[in-house]
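Enquirer: You'll find protein25.txt just under this line, and it carries compact mmCIF, C-alpha atoms.
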```txt
# COMPACT_ATOMS: atom_id res chain seq x y z
CA MET A 244 0.00 0.00 0.00
CA PRO A 245 2.70 2.62 0.83
CA LEU A 246 4.57 1.64 -2.36
CA TRP A 247 1.40 1.90 -4.40
CA PHE A 248 0.66 5.27 -2.84
CA ALA A 249 4.16 6.60 -3.57
CA ARG A 250 3.96 5.38 -7.17
CA GLY A 251 0.58 7.06 -7.59
CA LEU A 252 1.96 10.34 -6.28
CA ARG A 253 5.04 10.17 -8.51
CA ARG A 254 3.23 9.27 -11.76
CA GLY A 255 0.01 11.16 -11.11
CA VAL A 256 -2.01 8.03 -11.96
CA VAL A 257 -4.37 6.97 -9.20
CA THR A 258 -5.84 3.88 -10.88
CA THR A 259 -4.32 0.56 -12.01
CA ARG A 260 -4.61 -1.56 -15.12
CA TYR A 261 -7.16 -4.36 -15.32
CA PRO A 262 -6.45 -7.06 -14.44
CA ALA A 263 -3.56 -6.01 -12.23
CA SER A 264 -2.62 -9.70 -12.07
CA PRO A 265 -4.33 -12.93 -13.22
CA ASP A 266 -6.92 -14.10 -10.67
CA GLY A 267 -6.49 -17.61 -9.35
CA SER A 268 -10.19 -18.05 -8.62
CA ALA A 269 -11.15 -17.61 -12.29
CA ALA A 270 -10.51 -21.26 -13.11
CA SER A 271 -13.04 -22.55 -10.58
CA LEU A 272 -15.96 -20.32 -11.59
CA PRO A 273 -19.06 -21.98 -13.04
CA THR A 274 -19.33 -21.04 -16.70
CA PRO A 275 -22.06 -21.42 -19.35
CA PRO A 276 -22.10 -24.55 -21.51
CA ALA A 277 -20.31 -25.06 -24.81
CA PHE A 278 -21.94 -27.51 -27.21
CA ARG A 279 -20.62 -30.20 -29.57
CA PRO A 280 -22.82 -29.87 -32.70
CA ARG A 281 -22.08 -33.39 -33.97
CA GLN A 282 -23.24 -34.92 -30.68
CA LEU A 283 -26.53 -32.98 -30.79
CA SER A 284 -29.67 -34.44 -32.31
CA ARG A 285 -33.19 -32.98 -32.31
CA GLN A 286 -34.24 -35.44 -29.60
CA VAL A 287 -31.26 -34.66 -27.37
CA VAL A 288 -31.82 -30.93 -27.81
CA ASP A 289 -35.52 -31.25 -26.98
CA ARG A 290 -34.61 -33.05 -23.75
CA MET A 291 -32.14 -30.29 -22.88
CA VAL A 292 -34.73 -27.59 -23.66
CA ALA A 293 -37.24 -29.32 -21.36
CA GLU A 294 -34.70 -29.46 -18.53
CA CYS A 295 -33.50 -25.84 -18.79
CA PRO A 296 -35.02 -23.90 -15.86
CA GLY A 297 -33.99 -20.44 -17.06
CA ARG A 298 -35.40 -20.77 -20.60
CA ALA A 299 -31.94 -20.21 -21.99
CA LEU A 300 -32.29 -23.03 -24.54
CA SER A 301 -34.74 -23.41 -27.40
CA ARG A 302 -34.80 -25.21 -30.74
CA ARG A 303 -35.70 -23.86 -34.17
CA ASP A 304 -35.62 -26.70 -36.71
CA ASP A 305 -31.98 -27.80 -36.88
CA LEU A 306 -30.67 -24.93 -34.79
CA LEU A 307 -30.16 -24.81 -31.05
CA ILE A 308 -30.73 -21.26 -29.80
CA PHE A 309 -28.66 -20.56 -26.70
CA ASP A 310 -29.27 -17.33 -24.77
CA ALA A 311 -26.15 -16.83 -22.66
CA GLY A 312 -27.86 -13.92 -20.89
CA ALA A 313 -30.60 -16.18 -19.53
CA CYS A 314 -28.26 -19.05 -18.61
CA THR A 315 -27.84 -19.63 -14.88
CA THR A 316 -24.95 -22.11 -15.37
CA CYS A 317 -26.90 -24.77 -13.45
CA GLY A 318 -25.44 -27.60 -15.54
CA ARG A 319 -28.72 -29.49 -16.14
CA CYS A 320 -28.17 -29.60 -19.93
CA ALA A 321 -24.78 -31.19 -19.28
CA ARG A 322 -26.47 -33.79 -17.06
CA VAL A 323 -28.98 -34.64 -19.80
CA ALA A 324 -26.34 -34.93 -22.53
CA PRO A 325 -22.87 -35.30 -21.01
CA ASP A 326 -21.32 -36.11 -24.40
CA ALA A 327 -22.73 -33.06 -26.14
CA VAL A 328 -22.19 -30.39 -23.51
CA THR A 329 -19.02 -29.17 -21.90
CA SER A 330 -18.04 -26.05 -20.00
CA SER A 331 -17.18 -22.98 -22.08
CA GLY A 332 -14.80 -21.49 -19.51
CA GLU A 333 -16.01 -18.00 -20.39
CA PHE A 334 -17.39 -15.79 -17.64
CA GLU A 335 -16.60 -12.27 -18.88
CA LEU A 336 -19.75 -12.17 -20.98
CA THR A 337 -20.69 -8.52 -20.78
CA ALA A 338 -22.44 -7.25 -23.90
CA THR A 339 -23.47 -3.82 -25.12
CA ALA A 340 -26.26 -5.35 -27.23
CA ARG A 341 -28.69 -7.90 -25.82
CA SER A 342 -28.81 -9.77 -29.14
CA ALA A 343 -25.05 -10.42 -28.94
CA LEU A 344 -25.74 -12.89 -26.12
CA VAL A 345 -28.08 -15.07 -28.19
CA LYS A 346 -26.11 -17.69 -30.09
CA THR A 347 -27.25 -20.26 -32.65
CA ILE A 348 -25.63 -23.66 -32.65
CA PRO A 349 -26.17 -26.07 -35.58
CA ILE A 350 -27.53 -29.54 -34.77
CA LEU A 351 -25.40 -31.88 -36.87
CA GLY A 352 -25.96 -35.24 -35.15
CA GLU A 353 -28.49 -37.96 -36.07
CA GLY A 354 -30.54 -40.46 -34.07
CA GLN A 355 -31.95 -40.48 -30.57
CA MET B 269 2.08 44.46 -10.88
CA LYS B 270 2.30 41.52 -13.31
CA PRO B 271 -0.26 41.33 -16.15
CA ALA B 272 -3.21 39.02 -15.43
CA PRO B 273 -2.80 35.67 -17.22
CA ASP B 274 -5.11 34.89 -20.12
CA GLU B 275 -8.35 33.81 -18.53
CA ALA B 276 -9.28 31.24 -21.19
CA ALA B 277 -5.88 29.58 -21.04
CA THR B 278 -6.08 29.33 -17.27
CA ALA B 279 -9.55 27.85 -17.45
CA GLY B 280 -8.36 25.29 -20.01
CA LYS B 281 -5.43 24.30 -17.83
CA LEU B 282 -7.71 23.99 -14.85
CA ARG B 283 -10.12 21.76 -16.80
CA GLN B 284 -7.22 19.51 -17.80
CA GLN B 285 -6.11 19.22 -14.20
CA ILE B 286 -9.64 18.35 -13.08
CA ALA B 287 -9.93 15.73 -15.84
CA ALA B 288 -6.59 14.29 -14.77
CA GLN B 289 -7.70 14.09 -11.15
CA PHE B 290 -11.31 13.00 -11.51
CA GLY B 291 -11.62 11.81 -15.11
CA ARG B 292 -11.22 8.17 -14.17
CA SER B 293 -13.73 8.30 -11.35
CA LEU B 294 -17.22 6.84 -11.68
CA HIS B 295 -19.93 6.53 -9.06
CA ILE B 296 -22.24 3.54 -8.95
CA ARG B 297 -25.71 3.28 -7.47
CA THR B 298 -27.02 -0.27 -7.08
CA LEU B 299 -30.72 -0.94 -7.49
CA ASP B 300 -32.29 -4.20 -6.29
CA THR B 301 -35.52 -4.81 -8.19
CA GLY B 302 -36.46 -8.11 -6.57
CA SER B 303 -33.15 -9.93 -6.70
CA CYS B 304 -32.46 -12.99 -4.51
CA ALA B 305 -29.42 -11.05 -3.15
CA ALA B 306 -26.87 -13.36 -4.75
CA CYS B 307 -25.96 -10.54 -7.15
CA GLU B 308 -25.72 -8.12 -4.22
CA GLN B 309 -23.42 -10.56 -2.46
CA GLU B 310 -21.05 -10.49 -5.44
CA ILE B 311 -21.36 -6.71 -5.87
CA ARG B 312 -20.49 -6.26 -2.19
CA LEU B 313 -17.31 -8.30 -2.73
CA LEU B 314 -16.11 -5.75 -5.30
CA ALA B 315 -15.32 -3.31 -2.50
CA ALA B 316 -13.41 -5.94 -0.51
CA PRO B 317 -9.59 -5.77 -0.53
CA HIS B 318 -9.20 -8.70 -2.93
CA TYR B 319 -11.03 -7.04 -5.82
CA ASP B 320 -10.66 -3.46 -4.56
CA LEU B 321 -12.98 -1.67 -6.94
CA HIS B 322 -11.63 1.71 -5.87
CA ARG B 323 -8.23 1.11 -7.44
CA LEU B 324 -10.02 1.31 -10.79
CA GLY B 325 -11.70 4.58 -9.90
CA PHE B 326 -15.19 3.14 -9.23
CA PHE B 327 -17.10 4.07 -6.09
CA PHE B 328 -20.48 3.14 -4.65
CA THR B 329 -22.79 5.96 -3.73
CA PRO B 330 -26.04 5.74 -1.74
CA ALA B 331 -27.79 8.48 -3.72
CA PRO B 332 -28.86 8.33 -7.37
CA ARG B 333 -28.20 12.08 -7.59
CA HIS B 334 -24.49 11.41 -7.16
CA ALA B 335 -24.40 8.41 -9.48
CA ASP B 336 -23.15 8.03 -13.05
CA LEU B 337 -24.00 4.36 -13.38
CA LEU B 338 -27.10 2.45 -12.26
CA LEU B 339 -26.31 -1.19 -11.51
CA VAL B 340 -29.69 -2.94 -11.63
CA THR B 341 -30.27 -6.48 -10.34
CA GLY B 342 -33.40 -8.60 -10.19
CA PRO B 343 -36.32 -9.27 -12.57
CA MET B 344 -37.94 -5.83 -12.00
CA VAL B 345 -40.96 -6.59 -9.80
CA ARG B 346 -43.96 -4.51 -10.89
CA ALA B 347 -44.24 -2.92 -7.42
CA PHE B 348 -40.76 -1.43 -7.87
CA GLU B 349 -41.36 0.10 -11.28
CA VAL B 350 -42.09 3.64 -9.99
CA ALA B 351 -39.08 3.64 -7.68
CA ALA B 352 -36.83 2.42 -10.50
CA ARG B 353 -38.02 5.18 -12.82
CA LYS B 354 -37.54 7.80 -10.09
CA ALA B 355 -34.01 6.59 -9.37
CA TYR B 356 -33.17 6.77 -13.07
CA GLU B 357 -34.67 10.24 -13.48
CA ALA B 358 -32.85 11.53 -10.38
CA MET B 359 -29.47 10.69 -11.90
CA PRO B 360 -27.60 13.49 -13.69
CA GLY B 361 -26.60 12.84 -17.29
CA PRO B 362 -24.70 11.31 -18.93
CA LYS B 363 -25.82 8.11 -17.23
CA VAL B 364 -25.39 4.41 -17.86
CA VAL B 365 -27.81 1.61 -16.93
CA VAL B 366 -26.27 -1.83 -16.42
CA ALA B 367 -28.55 -4.88 -16.13
CA THR B 368 -26.87 -7.45 -13.89
CA GLY B 369 -27.60 -11.14 -13.57
CA ALA B 370 -29.72 -13.67 -15.44
CA CYS B 371 -33.11 -12.46 -14.13
CA ALA B 372 -32.35 -8.81 -14.96
CA LEU B 373 -31.52 -9.95 -18.48
CA GLY B 374 -34.83 -11.77 -18.92
CA GLY B 375 -33.78 -15.29 -18.04
CA VAL B 376 -35.44 -16.83 -15.04
CA TYR B 377 -38.79 -15.13 -14.43
CA GLN B 378 -40.01 -14.56 -17.99
CA ALA B 379 -43.55 -15.79 -17.34
CA ASP B 380 -44.04 -14.59 -13.76
CA PRO B 381 -47.07 -12.23 -13.47
CA PHE B 382 -45.56 -10.25 -10.57
CA VAL B 383 -42.48 -9.11 -12.47
CA HIS B 384 -41.68 -7.48 -15.79
CA GLY B 385 -39.21 -10.31 -16.31
CA GLN B 386 -36.36 -8.03 -17.36
CA VAL B 387 -34.94 -4.63 -16.51
CA GLY B 388 -35.16 -3.54 -20.14
CA ALA B 389 -38.96 -3.38 -19.87
CA VAL B 390 -38.72 -0.31 -17.63
CA LEU B 391 -35.26 1.28 -18.00
CA PRO B 392 -33.12 1.87 -21.12
CA VAL B 393 -30.34 -0.67 -20.57
CA ASP B 394 -26.91 0.11 -22.07
CA VAL B 395 -24.84 -2.83 -20.84
CA TRP B 396 -25.84 -6.41 -20.00
CA ILE B 397 -23.81 -8.52 -17.53
CA PRO B 398 -24.91 -12.18 -17.60
CA GLY B 399 -24.29 -14.65 -14.80
CA CYS B 400 -26.25 -16.21 -11.97
CA PRO B 401 -24.78 -14.48 -10.10
CA PRO B 402 -22.05 -12.74 -12.13
CA SER B 403 -18.75 -13.23 -10.30
CA PRO B 404 -16.88 -10.14 -9.10
CA LEU B 405 -14.46 -10.65 -12.00
CA ALA B 406 -17.35 -10.64 -14.46
CA LEU B 407 -18.74 -7.51 -12.80
CA LEU B 408 -15.37 -5.76 -13.00
CA HIS B 409 -15.14 -6.63 -16.67
CA GLY B 410 -18.69 -5.38 -17.16
CA LEU B 411 -17.93 -2.05 -15.50
CA GLY B 412 -14.82 -1.74 -17.66
CA VAL B 413 -16.92 -2.32 -20.77
CA ALA B 414 -19.54 0.17 -19.53
CA VAL B 415 -16.95 2.96 -19.42
CA SER B 416 -15.31 1.78 -22.68
CA ARG B 417 -12.07 0.86 -20.95
CA LEU B 418 -12.26 -2.86 -21.78
CA ALA B 419 -13.35 -4.62 -24.96
CA GLU B 420 -16.36 -6.93 -24.86
CA LYS B 421 -15.70 -10.56 -25.73
CA THR B 422 -19.23 -11.79 -26.37
CA PRO B 423 -19.51 -11.10 -30.14
CA GLY B 424 -16.56 -13.42 -30.74
CA LEU B 425 -17.91 -16.33 -28.69
CA THR B 426 -19.76 -19.23 -30.34
CA PHE B 427 -20.40 -21.54 -27.36
CA ILE B 428 -19.31 -24.41 -29.57
CA ALA B 429 -16.81 -26.69 -27.84
CA ALA B 430 -13.21 -26.02 -28.85
CA ASP B 431 -12.62 -29.63 -29.90
CA GLU B 432 -15.32 -29.43 -32.57
CA SER B 433 -15.81 -26.83 -35.31
CA PRO B 434 -19.32 -26.35 -36.79
CA GLY B 435 -18.36 -27.11 -40.41
CA ASP B 436 -16.90 -30.59 -39.80
CA GLY B 437 -18.95 -33.57 -40.92
CA PRO B 438 -18.54 -37.00 -39.28
```
Can you give me the file's structure in the form of structure tokens?
Expert:
Amino acid sequence: MPLWFARGLRRGVVTTRYPASPDGSAASLPTPPAFRPRQLSRQVVDRMVAECPGRALSRRDDLLIFDAGACTTCGRCARVAPDAVTSSGEFELTATARSALVKTIPILGEGQ
Amino acid sequence: MKPAPDEAATAGKLRQQIAAQFGRSLHIRTLDTGSCAACEQEIRLLAAPHYDLHRLGFFFTPAPRHADLLLVTGPMVRAFEVAARKAYEAMPGPKVVVATGACALGGVYQADPFVHGQVGAVLPVDVWIPGCPPSPLALLHGLGVAVSRLAEKTPGLTFIAADESPGDGP
């Protein structure tokens, strides 16, 4: 703190860069899902949509619509389809347009 | 007696000094519109020594009249609509509204009759911070984006797993 204070006085800059240093807790944060399109089928997606409590998932024909803004990172879609869903590792999801948070994911898999 | 210095030049110099001293400062008013308090818990952590929001020039203020940024959490319960509008109108311009958390963004309570379901139904939202709740790191990034100090990452994200690209067939 005294060092930081002296540096601030000398340079005339009272704020620091962001991030000042990498944060160790970032790796353990829950993050929204990332999907594997080839593991997704219409049936699997419909089961995931039914399980999603935050209405973050929906299906339009062969597209999975994922609203990252509505996702509560509960992990239920990953429980329904462990092969098709993994963790994205992204938590800095701030957007300046709401539509930027809605992503479409192609459904490329076949079968049940 | 020395001649009086040019008034305009002095004023300009003074403005520069003020900008240098206070230009990086931003005051935040939080607004809970029916949140479960998880978002508040994370917001509170921003002021703790580990995240130390103040090093970045952000401060919390209890009065909307002193605030530049309105940090709104919760799904905007209908009973709070008037208070939310009043808080927004009491703020001096330019002002920024940040919707924080999944329910403020329209996620969890879309069909609930007691809430609007999203902050955007009542206030003009400028920045959206997803998360349930958004971690302090996500909030810091969001505040950085709100004051155009950090770049947003969302447009570049696909939420397709890294080990599989969308074009590949089996």
Enquirer: Hey, list the chain B side of the contact with chain A: 9 Å cut-off, all atoms listed in the file, answer as a ChimeraX atom specification.
Expert: /B:288-289,292,322-325,369-378,393-403,405-414,418,420-423,425-434,436-438
Enquirer: Quick one, how far is CA of Gln386 in chain B from CA of Met344 in chain B?
Expert: 6.0 Å
Enquirer: Report the distance between CA of Leu321 in chain B and CA of Leu339 in chain B in Å, rounded to one decimal place.
Expert: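 Atom-to-atom, CA of Leu321 in chain B and CA of Leu339 in chain B are spaced 14.1 Å apart.
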Enquirer: In file coordinates, which residues lie within 10 Å of (-31.1, -29.6, -17.2) using all atoms listed in the file, given as a list of chain:residue names?
Expert: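 These residues have at least one counted atom within 10 Å: A:Arg290, A:Met291, A:Val292, A:Ala293, A:Glu294, A:Cys295, A:Pro296, A:Gly297, A:Leu300, A:Thr316, A:Cys317, A:Gly318, A:Arg319, A:Cys320, A:Ala321, A:Arg322, A:Val323, A:Ala324.
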Enquirer: Pick out the residues sitting within 7 Å of Lys363 in chain B, and hand them over as a ChimeraX atom specification; count only C-alpha atoms, and ignore anything fewer than 3 positions along from it in its own chain.
Expert: /B:336-337,359-360
Enquirer: Go ahead and write the residues just picked, C-alpha atoms, as a compact mmCIF listing (two decimals), in the frame of the given file.
Expert:
```txt
# COMPACT_ATOMS: atom_id res chain seq x y z
CA ASP B 336 -23.15 8.03 -13.05
CA LEU B 337 -24.00 4.36 -13.38
CA MET B 359 -29.47 10.69 -11.90
CA PRO B 360 -27.60 13.49 -13.69
```
Enquirer: Grab the CA of Glu308 in chain B to CA of Gly388 in chain B distance for me, in Å with one decimal place.
Expert: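 Going from CA of Glu308 in chain B over to CA of Gly388 in chain B, I get 19.1 Å.
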Enquirer: Counting all atoms listed in the file, which residues come within 8 Å of (-30.8, -33.3, -33.5), with the point read in the file's coordinates, and could you list them as a ChimeraX atom specification?
Expert: /A:283-288,305,350-355
Enquirer: For the selection just defined, write its residues with C-alpha atoms to a file, as a PDB file, in the frame of the given file.
Expert:
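So out_37.pdb came out as:
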```pdb
ATOM      1  CA  LEU A 283     -26.530 -32.980 -30.790  1.00  0.00           C
ATOM      2  CA  SER A 284     -29.670 -34.440 -32.310  1.00  0.00           C
ATOM      3  CA  ARG A 285     -33.190 -32.980 -32.310  1.00  0.00           C
ATOM      4  CA  GLN A 286     -34.240 -35.440 -29.600  1.00  0.00           C
ATOM      5  CA  VAL A 287     -31.260 -34.660 -27.370  1.00  0.00           C
ATOM      6  CA  VAL A 288     -31.820 -30.930 -27.810  1.00  0.00           C
ATOM      7  CA  ASP A 305     -31.980 -27.800 -36.880  1.00  0.00           C
ATOM      8  CA  ILE A 350     -27.530 -29.540 -34.770  1.00  0.00           C
ATOM      9  CA  LEU A 351     -25.400 -31.880 -36.870  1.00  0.00           C
ATOM     10  CA  GLY A 352     -25.960 -35.240 -35.150  1.00  0.00           C
ATOM     11  CA  GLU A 353     -28.490 -37.960 -36.070  1.00  0.00           C
ATOM     12  CA  GLY A 354     -30.540 -40.460 -34.070  1.00  0.00           C
ATOM     13  CA  GLN A 355     -31.950 -40.480 -30.570  1.00  0.00           C
TER      14      GLN A 355
END
```
Enquirer: With distances taken over all atoms listed in the file, which residue among B:Pro330, B:Val387, B:Leu314, B:Val340 lies nearest Leu299 in chain B?
Expert: B:Val340
